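S.K.: Contents are mmCIF, C-alpha atoms; file name final_12.cif:
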```cif
data_structure
#
loop_
_atom_site.label_atom_id
_atom_site.label_comp_id
_atom_site.auth_asym_id
_atom_site.auth_seq_id
_atom_site.Cartn_x
_atom_site.Cartn_y
_atom_site.Cartn_z
CA MET A 636 -37.91 -29.61 -15.59
CA ASN A 637 -38.59 -28.14 -19.03
CA ILE A 638 -37.49 -24.90 -20.64
CA ASP A 639 -40.81 -23.17 -19.83
CA ILE A 640 -39.96 -23.53 -16.15
CA VAL A 641 -36.21 -22.94 -16.35
CA ILE A 642 -36.36 -19.58 -18.18
CA PRO A 643 -38.77 -17.89 -15.71
CA LEU A 644 -36.70 -19.34 -12.86
CA LEU A 645 -33.47 -17.87 -14.26
CA ALA A 646 -35.20 -14.52 -14.89
CA ALA A 647 -36.34 -14.54 -11.27
CA THR A 648 -32.78 -15.43 -10.27
CA VAL A 649 -31.46 -12.23 -11.86
CA GLN A 650 -34.15 -10.15 -10.17
CA SER A 651 -33.61 -11.81 -6.79
CA GLY A 652 -29.83 -11.40 -7.00
CA THR A 653 -29.88 -7.72 -7.96
CA PRO A 654 -30.29 -6.17 -4.47
CA ILE A 655 -27.54 -8.46 -3.18
CA LEU A 656 -25.32 -7.42 -6.08
CA TYR A 657 -25.72 -3.71 -5.32
CA ALA A 658 -24.92 -4.27 -1.63
CA THR A 659 -21.94 -6.51 -2.41
CA LEU A 660 -20.43 -4.02 -4.84
CA GLY A 661 -20.83 -1.29 -2.25
CA GLU A 662 -19.17 -3.42 0.40
CA ILE A 663 -16.28 -4.22 -1.95
CA LEU A 664 -15.66 -0.51 -2.45
CA THR A 665 -15.77 0.12 1.28
CA GLU A 666 -13.57 -2.78 2.28
CA ARG A 667 -11.02 -2.09 -0.44
CA SER A 668 -10.25 1.13 1.43
CA GLY A 669 -9.64 -0.83 4.64
CA THR A 670 -13.00 -0.07 6.28
CA LEU A 671 -14.96 -3.04 7.61
CA ASN A 672 -18.69 -2.33 7.47
CA LEU A 673 -20.93 -4.89 9.18
CA GLY A 674 -23.87 -2.49 9.11
CA VAL A 675 -24.93 -3.34 5.54
CA GLU A 676 -28.17 -5.00 6.69
CA GLY A 677 -29.23 -1.89 8.58
CA MET A 678 -28.21 0.42 5.75
CA MET A 679 -30.11 -1.62 3.18
CA ILE A 680 -33.36 -1.53 5.11
CA VAL A 681 -33.03 2.19 5.84
CA GLY A 682 -32.46 2.72 2.12
CA ALA A 683 -35.51 0.57 1.34
CA LEU A 684 -37.73 2.60 3.68
CA GLY A 685 -36.39 5.96 2.50
CA ALA A 686 -37.01 4.99 -1.11
CA PHE A 687 -40.47 3.58 -0.40
CA LEU A 688 -41.69 6.67 1.46
CA THR A 689 -40.25 8.99 -1.18
CA ALA A 690 -41.95 7.09 -3.98
CA MET A 691 -45.25 6.96 -2.10
CA PHE A 692 -45.35 10.70 -1.34
CA THR A 693 -43.77 12.07 -4.54
CA GLY A 694 -44.68 9.43 -7.11
CA SER A 695 -41.11 9.51 -8.48
CA PRO A 696 -39.26 6.17 -8.37
CA THR A 697 -36.10 7.79 -9.73
CA LEU A 698 -36.01 10.34 -6.90
CA ALA A 699 -36.83 7.50 -4.52
CA VAL A 700 -33.74 5.54 -5.51
CA LEU A 701 -31.59 8.61 -4.94
CA VAL A 702 -33.12 9.19 -1.50
CA GLY A 703 -32.73 5.49 -0.65
CA GLY A 704 -29.02 5.65 -1.46
CA LEU A 705 -28.53 8.89 0.45
CA SER A 706 -30.38 7.50 3.47
CA ALA A 707 -27.95 4.62 3.66
CA SER A 708 -24.99 6.96 3.13
CA LEU A 709 -26.20 9.06 6.05
CA LEU A 710 -26.17 5.98 8.27
CA GLY A 711 -22.80 5.04 6.80
CA SER A 712 -21.48 8.47 7.75
CA LEU A 713 -22.17 7.62 11.38
CA HIS A 714 -19.90 4.62 10.89
CA GLY A 715 -17.23 6.91 9.46
CA LEU A 716 -17.60 9.38 12.29
CA VAL A 717 -17.18 6.64 14.89
CA CYS A 718 -14.28 4.88 13.17
CA PHE A 719 -12.38 7.68 11.42
CA HIS A 720 -12.83 10.51 13.90
CA PHE A 721 -13.31 8.81 17.28
CA MET A 722 -11.23 5.72 16.39
CA GLY A 723 -13.99 3.35 17.48
CA ASN A 724 -14.00 -0.38 16.87
CA GLN A 725 -15.23 -1.03 13.33
CA VAL A 726 -16.88 -4.36 14.20
CA VAL A 727 -18.83 -2.92 17.12
CA SER A 728 -19.85 0.18 15.17
CA GLY A 729 -21.09 -1.88 12.23
CA LEU A 730 -23.12 -4.23 14.40
CA ALA A 731 -24.62 -1.29 16.27
CA LEU A 732 -25.67 0.33 13.00
CA THR A 733 -27.35 -2.87 11.86
CA ILE A 734 -29.42 -2.89 15.04
CA LEU A 735 -30.10 0.84 14.79
CA GLY A 736 -31.09 0.72 11.12
CA THR A 737 -33.35 -2.32 11.51
CA GLY A 738 -35.07 -0.90 14.58
CA LEU A 739 -35.49 2.52 13.01
CA ALA A 740 -36.97 1.10 9.80
CA ASN A 741 -39.38 -1.16 11.68
CA TYR A 742 -40.50 1.70 13.96
CA LEU A 743 -41.02 4.25 11.19
CA GLY A 744 -42.28 1.75 8.64
CA THR A 745 -44.90 -0.09 10.71
CA PRO A 746 -47.73 2.37 9.82
CA PHE A 747 -47.08 1.68 6.14
CA VAL A 748 -46.97 -2.14 6.24
CA GLY A 749 -48.92 -3.58 3.32
CA ARG A 750 -49.12 -0.28 1.43
CA SER A 751 -47.76 -0.01 -2.10
CA ALA A 752 -45.77 2.68 -3.91
CA PRO A 753 -44.96 3.40 -7.56
CA GLY A 754 -41.83 1.61 -8.66
CA PHE A 755 -40.07 0.11 -11.62
CA ASP A 756 -41.72 -2.22 -14.11
CA PRO A 757 -39.98 -4.47 -16.64
CA LEU A 758 -38.37 -2.54 -19.49
CA ARG A 759 -37.93 -4.71 -22.55
CA VAL A 760 -34.87 -4.04 -24.68
CA PRO A 761 -35.85 -4.04 -28.37
CA ILE A 762 -34.23 -6.74 -30.52
CA LEU A 763 -32.17 -8.14 -27.62
CA GLU A 764 -35.31 -9.42 -25.87
CA ASN A 765 -35.90 -11.75 -28.82
CA ILE A 766 -32.58 -13.58 -28.40
CA PRO A 767 -33.49 -17.19 -27.64
CA ILE A 768 -33.22 -18.09 -23.93
CA LEU A 769 -30.92 -15.14 -23.07
CA GLY A 770 -33.45 -12.50 -24.11
CA PRO A 771 -36.26 -13.49 -21.72
CA ILE A 772 -33.75 -13.93 -18.89
CA LEU A 773 -31.70 -10.73 -19.19
CA PHE A 774 -33.49 -8.23 -21.41
CA ARG A 775 -37.02 -8.18 -20.01
CA GLN A 776 -36.00 -6.87 -16.60
CA ASP A 777 -36.45 -3.46 -14.97
CA ILE A 778 -33.95 -0.66 -15.48
CA LEU A 779 -32.29 -1.17 -12.08
CA VAL A 780 -31.22 -4.67 -13.15
CA TYR A 781 -29.46 -3.24 -16.21
CA ALA A 782 -27.96 -0.51 -14.05
CA SER A 783 -26.61 -3.09 -11.58
CA LEU A 784 -24.60 -4.79 -14.33
CA LEU A 785 -23.23 -1.44 -15.48
CA THR A 786 -22.42 -0.65 -11.85
CA ALA A 787 -20.38 -3.85 -11.57
CA ILE A 788 -18.37 -2.79 -14.62
CA GLY A 789 -18.06 0.70 -13.21
CA VAL A 790 -16.76 -0.51 -9.83
CA TRP A 791 -14.22 -2.72 -11.58
CA PHE A 792 -13.12 0.21 -13.74
CA LEU A 793 -12.88 2.55 -10.75
CA LEU A 794 -10.78 0.16 -8.71
CA THR A 795 -8.42 -0.97 -11.46
CA LYS A 796 -8.23 1.79 -14.07
CA THR A 797 -8.49 5.09 -12.21
CA ARG A 798 -6.10 6.95 -9.94
CA TRP A 799 -8.78 7.19 -7.25
CA GLY A 800 -9.22 3.42 -7.31
CA LEU A 801 -5.50 2.76 -7.05
CA HIS A 802 -5.31 5.17 -4.11
CA ILE A 803 -8.25 3.40 -2.43
CA ARG A 804 -6.49 0.05 -2.78
CA ALA A 805 -3.22 1.49 -1.50
CA VAL A 806 -4.98 2.88 1.56
CA GLY A 807 -6.62 -0.50 2.18
CA GLU A 808 -3.30 -2.32 2.00
CA HIS A 809 -0.79 0.02 3.62
CA PRO A 810 -2.40 3.20 4.97
CA GLU A 811 0.73 4.52 6.67
CA ALA A 812 2.83 4.00 3.55
CA ALA A 813 0.10 5.66 1.49
CA ARG A 814 0.17 8.62 3.86
CA THR A 815 3.92 9.07 3.44
CA THR A 816 3.37 9.47 -0.30
CA GLY A 817 1.02 12.37 0.39
CA LEU A 818 -2.35 10.63 0.12
CA ASN A 819 -5.18 11.87 2.32
CA VAL A 820 -6.10 8.58 3.98
CA PRO A 821 -9.21 9.75 5.90
CA LEU A 822 -10.62 11.52 2.84
CA LEU A 823 -10.13 8.46 0.64
CA ARG A 824 -11.76 6.20 3.19
CA TRP A 825 -14.66 8.62 3.57
CA SER A 826 -15.23 8.72 -0.19
CA ALA A 827 -15.23 4.92 -0.45
CA LEU A 828 -17.54 4.58 2.55
CA VAL A 829 -20.09 7.12 1.31
CA LEU A 830 -20.16 5.66 -2.21
CA GLY A 831 -20.24 2.08 -0.94
CA THR A 832 -23.09 2.66 1.48
CA PHE A 833 -24.97 4.56 -1.24
CA LEU A 834 -24.94 1.38 -3.32
CA ALA A 835 -26.16 -0.62 -0.32
CA GLY A 836 -29.06 1.82 -0.06
CA VAL A 837 -29.84 1.37 -3.75
CA GLY A 838 -29.95 -2.38 -3.11
CA GLY A 839 -32.51 -1.76 -0.39
CA ALA A 840 -34.46 0.59 -2.67
CA TYR A 841 -34.63 -2.16 -5.26
CA LEU A 842 -36.45 -4.39 -2.79
CA SER A 843 -39.24 -1.91 -2.07
CA LEU A 844 -39.53 -0.34 -5.55
CA ALA A 845 -38.98 -3.22 -7.95
CA TYR A 846 -38.95 -6.56 -6.14
CA THR A 847 -42.04 -6.23 -3.95
CA HIS A 848 -43.58 -2.80 -4.77
CA LEU A 849 -44.80 -2.62 -1.18
CA TRP A 850 -43.52 -2.17 2.33
CA THR A 851 -43.22 -4.80 5.02
CA ASN A 852 -41.07 -4.97 8.11
CA ASN A 853 -37.80 -6.90 7.83
CA LEU A 854 -37.91 -6.49 4.07
CA THR A 855 -34.20 -7.17 3.61
CA ALA A 856 -34.46 -10.54 5.41
CA GLY A 857 -30.73 -10.98 5.94
CA ARG A 858 -29.61 -9.94 2.44
CA GLY A 859 -27.16 -7.46 3.96
CA TRP A 860 -25.40 -10.26 5.81
CA ILE A 861 -25.31 -12.33 2.64
CA ALA A 862 -23.65 -9.38 0.89
CA VAL A 863 -20.97 -9.17 3.59
CA ALA A 864 -20.26 -12.88 3.15
CA LEU A 865 -20.28 -12.59 -0.62
CA VAL A 866 -17.45 -10.07 -0.53
CA ILE A 867 -15.22 -12.81 0.86
CA PHE A 868 -16.64 -15.36 -1.58
CA ALA A 869 -15.91 -12.92 -4.42
CA PHE A 870 -12.34 -12.26 -3.27
CA TRP A 871 -13.18 -8.51 -3.28
CA ARG A 872 -13.65 -8.61 -7.07
CA PRO A 873 -16.74 -7.13 -8.80
CA GLY A 874 -16.85 -9.82 -11.51
CA ARG A 875 -17.09 -12.65 -9.01
CA ALA A 876 -19.65 -10.63 -7.07
CA VAL A 877 -22.03 -10.82 -10.05
CA PHE A 878 -21.70 -14.60 -10.14
CA GLY A 879 -22.13 -14.92 -6.36
CA ALA A 880 -25.15 -12.61 -6.21
CA TYR A 881 -26.96 -14.56 -8.92
CA LEU A 882 -26.03 -17.83 -7.23
CA PHE A 883 -27.70 -16.73 -4.01
CA GLY A 884 -30.53 -15.11 -5.95
CA GLY A 885 -31.11 -18.42 -7.69
CA VAL A 886 -31.39 -20.28 -4.41
CA MET A 887 -33.89 -17.73 -3.13
CA ALA A 888 -35.98 -17.86 -6.30
CA TRP A 889 -35.90 -21.64 -6.35
CA GLN A 890 -37.01 -22.07 -2.75
CA PHE A 891 -40.00 -19.70 -3.28
CA ARG A 892 -41.12 -21.66 -6.32
CA LEU A 893 -40.65 -24.95 -4.56
CA GLN A 894 -42.94 -23.76 -1.79
CA ALA A 895 -45.52 -22.72 -4.40
CA THR A 896 -45.60 -26.25 -5.84
CA GLY A 897 -46.87 -27.57 -2.51
CA THR A 898 -43.79 -29.58 -1.62
CA THR A 899 -43.89 -31.54 1.61
CA LEU A 900 -40.53 -30.12 2.71
CA PRO A 901 -40.96 -27.76 5.71
CA SER A 902 -41.06 -24.10 4.62
CA SER A 903 -38.63 -23.18 7.41
CA LEU A 904 -36.10 -25.60 5.93
CA LEU A 905 -36.49 -24.08 2.46
CA MET A 906 -36.16 -20.52 3.80
CA MET A 907 -32.96 -21.53 5.54
CA LEU A 908 -31.27 -22.58 2.28
CA PRO A 909 -29.75 -19.18 1.31
CA TYR A 910 -28.22 -18.79 4.76
CA ALA A 911 -26.92 -22.35 4.79
CA LEU A 912 -25.33 -21.61 1.42
CA THR A 913 -23.79 -18.47 2.94
CA VAL A 914 -22.12 -20.53 5.65
CA ILE A 915 -20.86 -23.07 3.10
CA ALA A 916 -19.47 -20.29 0.90
CA LEU A 917 -17.67 -18.73 3.84
CA VAL A 918 -16.15 -22.03 4.89
CA MET A 919 -14.97 -22.73 1.35
CA ALA A 920 -13.54 -19.22 0.99
CA SER A 921 -11.73 -19.43 4.33
CA ARG A 922 -10.14 -22.73 3.32
CA GLY A 923 -9.06 -21.32 -0.01
CA ARG A 924 -7.42 -18.06 -0.91
CA GLY A 925 -10.40 -15.92 0.14
CA VAL A 926 -8.94 -14.70 3.43
CA ARG A 927 -5.52 -14.15 1.88
CA GLU A 928 -7.08 -11.83 -0.70
CA ALA A 929 -8.45 -9.51 1.98
CA PRO A 930 -7.02 -5.97 2.13
CA ALA A 931 -4.16 -6.08 4.61
CA ALA A 932 -5.43 -3.11 6.63
CA LEU A 933 -9.09 -4.17 6.69
CA GLY A 934 -10.64 -3.09 9.99
CA VAL A 935 -7.54 -1.17 11.07
CA ASN A 936 -8.11 2.43 12.12
CA VAL A 937 -5.60 5.09 11.19
CA GLU A 938 -4.77 7.98 13.48
CA PRO A 939 -5.72 11.35 11.96
CA ALA A 940 -2.75 13.36 10.73
CA ASP A 941 -1.52 16.12 13.06
#
```
What would the structure in this file look like if it were written as structure tokens?

M.R.:
Amino acid sequence: MNIDIVIPLLAATVQSGTPILYATLGEILTERSGTLNLGVEGMMIVGALGAFLTAMFTGSPTLAVLVGGLSASLLGSLHGLVCFHFMGNQVVSGLALTILGTGLANYLGTPFVGRSAPGFDPLRVPILENIPILGPILFRQDILVYASLLTAIGVWFLLTKTRWGLHIRAVGEHPEAARTTGLNVPLLRWSALVLGTFLAGVGGAYLSLAYTHLWTNNLTAGRGWIAVALVIFAFWRPGRAVFGAYLFGGVMAWQFRLQATGTTLPSSLLMMLPYALTVIALVMASRGRGVREAPAALGVNVEPAD
């Protein structure tokens, strides 16, 4: 394999890993507050459809990304209503929202299958794009790729350097103790959930506006589940999430190119590779310190204050 093949493959790896990165960062924010959200897959595809329809009818990709994020946040708010207000089971609620979001997107999106919408094209960064090897890989991408890297830094900064982030982490570890210090536990969990699901929606929007530029049913293809697994693989840390997202993105990009070369390997086997890697990552994380790094109150509901 020569450099002329490796560089386009690595550039495709970054592009393929970007929607997973957005969703993983959003899930890290949500889970750091102690809220388990298994509805990421449904929220991503709702965000993808909301963004696609907005771009198609308004011609504004920027507005479309905003609508995609808000669409996912709206679905995420249902999760908050069930878990924070009615004290429902977080696992059941998340799974139900995945089914609801996927079904809703397929029902509403079927008339638009195969249609295209304006989206984001590559935006070359002057000077930096000419850096050997690194330039073609990182600095000839679309603006949402650059924004995803800034988002990773932003999530790290929020969680480690701001008062809000420290409160979010305290609520995720010891919600009752946090409450005794005067923190508004439900409000903090709501804020993390809305922001986290917004990022999941942006990840979905990336798929329809930058990755494919068209709509098809089941567009997310399990990327939401990969994001949920990556949170464990990343030990709830944004920096490791970048590495994990590009690792899975690389596997996806590689299997598509391998199919294009006419390999004799069954296509179903190649398409299974990212999910097989997900299982391997989860097993490795569960045998290491991954589970021990989880927020202590993850998935635990807190009774509203009197």

S.K.: Name the residues that the PyMOL selection byres ((chain A and resi 787-799) around 8) picks from the file above, as a CSV table (one decimal) with C-alpha atoms, in the coordinates of the input, using the file's chain letters and numbers.

M.R.:
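The resulting out_34.csv:
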```csv
chain,number,residue,atom,x,y,z
A,660,LEU,CA,-20.4,-4.0,-4.8
A,664,LEU,CA,-15.7,-0.5,-2.4
A,783,SER,CA,-26.6,-3.1,-11.6
A,784,LEU,CA,-24.6,-4.8,-14.3
A,785,LEU,CA,-23.2,-1.4,-15.5
A,786,THR,CA,-22.4,-0.6,-11.8
A,800,GLY,CA,-9.2,3.4,-7.3
A,801,LEU,CA,-5.5,2.8,-7.0
A,802,HIS,CA,-5.3,5.2,-4.1
A,803,ILE,CA,-8.2,3.4,-2.4
A,804,ARG,CA,-6.5,0.0,-2.8
A,872,ARG,CA,-13.6,-8.6,-7.1
A,873,PRO,CA,-16.7,-7.1,-8.8
A,874,GLY,CA,-16.8,-9.8,-11.5
A,877,VAL,CA,-22.0,-10.8,-10.0
```

S.K.: Using all atoms listed in the file, which protein or nucleic acid residues come within 7 Å of Phe755 (chain A)? Drop anything in the same chain fewer than 2 positions from it, and give the result as a count of residues only.

M.R.: 5

S.K.: Skipping near chain neighbours, those fewer than 4 positions away, what residues fall within 12 Å of Leu912 (chain A) using all atoms listed in the file, listed as a list in words?

M.R.: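 Here the qualifying residues turn out to be Ile861, Ala864, Leu865, Phe868, Gly879, Ala880, Leu882, Phe883, Gly884, Gly885, Val886, Met887, Leu905, Met906, Met907, Leu908, Ala916, Leu917, Val918 and Met919 of chain A.
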
S.K.: Between CA of Leu739 (chain A) and CA of Ala827 (chain A), what is the distance in Å, rounded to a tenth?

M.R.: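 CA of Ala827 (chain A) lies 24.4 Å from CA of Leu739 (chain A).
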
S.K.: I'd like the neighbourhood of Pro771 (chain A) as a PDB file with C-alpha atoms, in the frame of the given file, where a residue qualifies if any of its atoms comes within 12 Å (using only C-alpha atoms), though same-chain residues fewer than 3 positions away should be ignored.

M.R.:
```pdb
ATOM      1  CA  ILE A 638     -37.490 -24.900 -20.640  1.00  0.00           C
ATOM      2  CA  ASP A 639     -40.810 -23.170 -19.830  1.00  0.00           C
ATOM      3  CA  VAL A 641     -36.210 -22.940 -16.350  1.00  0.00           C
ATOM      4  CA  ILE A 642     -36.360 -19.580 -18.180  1.00  0.00           C
ATOM      5  CA  PRO A 643     -38.770 -17.890 -15.710  1.00  0.00           C
ATOM      6  CA  LEU A 644     -36.700 -19.340 -12.860  1.00  0.00           C
ATOM      7  CA  LEU A 645     -33.470 -17.870 -14.260  1.00  0.00           C
ATOM      8  CA  ALA A 646     -35.200 -14.520 -14.890  1.00  0.00           C
ATOM      9  CA  ALA A 647     -36.340 -14.540 -11.270  1.00  0.00           C
ATOM     10  CA  VAL A 649     -31.460 -12.230 -11.860  1.00  0.00           C
ATOM     11  CA  PRO A 757     -39.980  -4.470 -16.640  1.00  0.00           C
ATOM     12  CA  LEU A 758     -38.370  -2.540 -19.490  1.00  0.00           C
ATOM     13  CA  ARG A 759     -37.930  -4.710 -22.550  1.00  0.00           C
ATOM     14  CA  VAL A 760     -34.870  -4.040 -24.680  1.00  0.00           C
ATOM     15  CA  PRO A 761     -35.850  -4.040 -28.370  1.00  0.00           C
ATOM     16  CA  ILE A 762     -34.230  -6.740 -30.520  1.00  0.00           C
ATOM     17  CA  LEU A 763     -32.170  -8.140 -27.620  1.00  0.00           C
ATOM     18  CA  GLU A 764     -35.310  -9.420 -25.870  1.00  0.00           C
ATOM     19  CA  ASN A 765     -35.900 -11.750 -28.820  1.00  0.00           C
ATOM     20  CA  ILE A 766     -32.580 -13.580 -28.400  1.00  0.00           C
ATOM     21  CA  PRO A 767     -33.490 -17.190 -27.640  1.00  0.00           C
ATOM     22  CA  ILE A 768     -33.220 -18.090 -23.930  1.00  0.00           C
ATOM     23  CA  PHE A 774     -33.490  -8.230 -21.410  1.00  0.00           C
ATOM     24  CA  ARG A 775     -37.020  -8.180 -20.010  1.00  0.00           C
ATOM     25  CA  GLN A 776     -36.000  -6.870 -16.600  1.00  0.00           C
TER      26      GLN A 776
END
```

S.K.: Quote the spacing between CA of Ala856 (chain A) and CA of Val675 (chain A) in Å to one decimal place.

M.R.: 11.9 Å

S.K.: Please identify all polymer residues within 10 Å of region 727-729 of chain A, counting only C-alpha atoms, omitting same-chain residues fewer than 5 positions from it, and present them as a PDB file with C-alpha atoms, in the frame of the given file.

M.R.:
```pdb
ATOM      1  CA  LEU A 671     -14.960  -3.040   7.610  1.00  0.00           C
ATOM      2  CA  ASN A 672     -18.690  -2.330   7.470  1.00  0.00           C
ATOM      3  CA  LEU A 673     -20.930  -4.890   9.180  1.00  0.00           C
ATOM      4  CA  GLY A 674     -23.870  -2.490   9.110  1.00  0.00           C
ATOM      5  CA  VAL A 675     -24.930  -3.340   5.540  1.00  0.00           C
ATOM      6  CA  GLU A 676     -28.170  -5.000   6.690  1.00  0.00           C
ATOM      7  CA  GLY A 677     -29.230  -1.890   8.580  1.00  0.00           C
ATOM      8  CA  MET A 678     -28.210   0.420   5.750  1.00  0.00           C
ATOM      9  CA  GLY A 711     -22.800   5.040   6.800  1.00  0.00           C
ATOM     10  CA  LEU A 713     -22.170   7.620  11.380  1.00  0.00           C
ATOM     11  CA  HIS A 714     -19.900   4.620  10.890  1.00  0.00           C
ATOM     12  CA  GLY A 715     -17.230   6.910   9.460  1.00  0.00           C
ATOM     13  CA  LEU A 716     -17.600   9.380  12.290  1.00  0.00           C
ATOM     14  CA  VAL A 717     -17.180   6.640  14.890  1.00  0.00           C
ATOM     15  CA  CYS A 718     -14.280   4.880  13.170  1.00  0.00           C
ATOM     16  CA  ILE A 734     -29.420  -2.890  15.040  1.00  0.00           C
ATOM     17  CA  LEU A 735     -30.100   0.840  14.790  1.00  0.00           C
TER      18      LEU A 735
END
```

S.K.: What residues come out when you apply the PyMOL selection byres ((chain A and resi 935) around 10) to this file, written as a ChimeraX atom specification?

M.R.: /A:669-671,718,722,724-725,807,810,931-934,936-938

S.K.: Can you give me, as a list in words, the residues this file yields under the PyMOL selection byres ((chain A and resi 656) around 8)?

M.R.: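 Against this file, the PyMOL selection byres ((chain A and resi 656) around 8) returns the residues Gly652, Thr653, Pro654, Ile655, Tyr657, Ala658, Thr659, Leu660, Ser783, Gly838, Ala862, Ala876, Val877, Ala880 and Tyr881 of chain A.
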
S.K.: When distances are computed from all atoms listed in the file, which of A:Val837, A:Leu684, A:Leu900, A:Ala911 shows the smallest separation from Gly744 (chain A)?

M.R.: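 For Gly744 (chain A), the nearest of the given residues is A:Leu684.
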
S.K.: To box region 660-673 of chain A, take all atoms listed in the file, fit an axis-aligned box, add 8 Å on each side, and give centre and edge lengths in Å to one decimal, as lines of an AutoDock Vina configuration file.

M.R.:
```
center_x = -15.3
center_y = -1.9
center_z = 2.2
size_x = 27.3
size_y = 22.0
size_z = 30.0
```

S.K.: Report the distance between CA of Ser902 (chain A) and CA of Ala888 (chain A) in Å, rounded to one decimal place.

M.R.: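 Interatomic distance, CA of Ser902 (chain A) to CA of Ala888 (chain A): 13.6 Å.
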
S.K.: Extract, using only C-alpha atoms, all DNA, RNA and protein residues at most 8 Å from Ala699 (chain A), discarding same-chain residues fewer than 2 positions from it, and format them as a list in words.

M.R.: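 Residues meeting the cut-off are Gly685, Ala686, Phe687, Leu688, Thr689, Ala690, Ser695, Pro696, Thr697, Leu701, Val702, Gly703 and Ala840 of chain A.
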